[in-house]
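Heads up: the structure comes next, in structure tokens.
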Amino acid sequence: MFKKGTKLFSIVNGKCPKCQEGNFFKYGFTFNPSKITKLHDNCSHCNLKYMIEPSFFYGAMYINYGITVGISVAVFVIAKLGFELDLLQSFLMVLAALIVLAPINLRLARILWINMFVNFKEETEIEKLKE
């Protein structure tokens with residue numbers, strides 16, 4: 001569905017934004033808090049350093065905040081208007097959704113953040129850079 005060379009390919013598949021071959025995260029999807037956001041230091045294929053500068057991924061917190069607000073508003077509106085729950089029940093639904101989706105949000109925020117700064121380079125371009 002998403003072609004290699006697009007930002008969406010890297011984001012959906014969790015691949016290196018530069019070569020889209022190497023894995024970005026060390027572990028597959030997990031609810032283990034110590035493994036959710038663990039990254040490889042470098043891409044196994046093109047050797048891109050993922051931590052571009054110290055504290056690079058602090059900016060991903062802003063993206064995570066935006067995703068969290070969007071989910072909260074959507075779940076609240078669906079719970080309140082769609083299921084006609086009272087205020088406390090709607091709040092509990094929002095809380096449950098945020099807890100369940102936290103691993104996805106954290107990973108999505110990091111991969112979105114790095115894709116904002118690193119562009120895809122064709123294999124031939126990567127080979128030229130290595131020389």
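Residue numbering restarts at 1 for every chain of the structure tokens, chains are lettered A, B, ... in their displayed order, and ligands are numbered from 1 as they appear.
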
Show me a table, sorted first by chain and then by increasing residue number, of the residues of segment 19-39 of chain A having an atom at most 12 Å from segment 45-66 of chain A, each with its shortest atom pair and the distance in Å to one decimal, counting only C-alpha atoms and written as JSON lines.
```
{"residue": "A:Cys19", "atom": "CA", "partner": "A:Cys46", "partner_atom": "CA", "distance": 6.3}
{"residue": "A:Gln20", "atom": "CA", "partner": "A:His45", "partner_atom": "CA", "distance": 8.7}
{"residue": "A:Glu21", "atom": "CA", "partner": "A:His45", "partner_atom": "CA", "distance": 6.3}
{"residue": "A:Gly22", "atom": "CA", "partner": "A:His45", "partner_atom": "CA", "distance": 5.3}
{"residue": "A:Asn23", "atom": "CA", "partner": "A:His45", "partner_atom": "CA", "distance": 8.8}
{"residue": "A:Phe24", "atom": "CA", "partner": "A:Tyr50", "partner_atom": "CA", "distance": 8.1}
{"residue": "A:Phe25", "atom": "CA", "partner": "A:Tyr50", "partner_atom": "CA", "distance": 10.1}
{"residue": "A:Lys26", "atom": "CA", "partner": "A:Tyr50", "partner_atom": "CA", "distance": 11.9}
{"residue": "A:Thr37", "atom": "CA", "partner": "A:Phe57", "partner_atom": "CA", "distance": 10.3}
{"residue": "A:Lys38", "atom": "CA", "partner": "A:Tyr50", "partner_atom": "CA", "distance": 11.2}
{"residue": "A:Leu39", "atom": "CA", "partner": "A:Tyr50", "partner_atom": "CA", "distance": 7.8}
```

Would you mind exporting C-alpha atoms of the selected residues as an mmCIF file, in the first residue's frame?
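Below you can see again.cif, which holds the result:
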```cif
data_model
loop_
_atom_site.group_PDB
_atom_site.id
_atom_site.type_symbol
_atom_site.label_atom_id
_atom_site.label_comp_id
_atom_site.auth_asym_id
_atom_site.auth_seq_id
_atom_site.Cartn_x
_atom_site.Cartn_y
_atom_site.Cartn_z
ATOM 1 C CA CYS A 19 17.376 3.755 3.557
ATOM 2 C CA GLN A 20 14.081 2.179 4.707
ATOM 3 C CA GLU A 21 15.814 -1.165 5.112
ATOM 4 C CA GLY A 22 17.060 -1.379 8.707
ATOM 5 C CA ASN A 23 14.708 -1.566 11.670
ATOM 6 C CA PHE A 24 14.297 1.598 13.719
ATOM 7 C CA PHE A 25 13.226 -0.039 16.988
ATOM 8 C CA LYS A 26 15.148 -2.828 18.737
ATOM 9 C CA THR A 37 11.056 3.124 22.904
ATOM 10 C CA LYS A 38 14.400 1.307 22.680
ATOM 11 C CA LEU A 39 16.110 2.151 19.403
#
```

For Ala74 of chain A: contacts at 12 Å, only C-alpha atoms, fewer than 4 positions along chain excluded, given as an MDAnalysis selection string: chainID A and resid 67:70 78:82 90:91 93:94 97:98

Name the residues of chain A that come out as alpha helix (DSSP H) in a backbone DSSP run; write them as a PyMOL selection string. chain A and resi 7-13+60-77+87-117+123-130

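Using only C-alpha atoms, the nearest neighbour of Leu101 of chain A within the list A:Thr6, A:Asn119, A:Ser34, A:Ser72 is A:Ser72.
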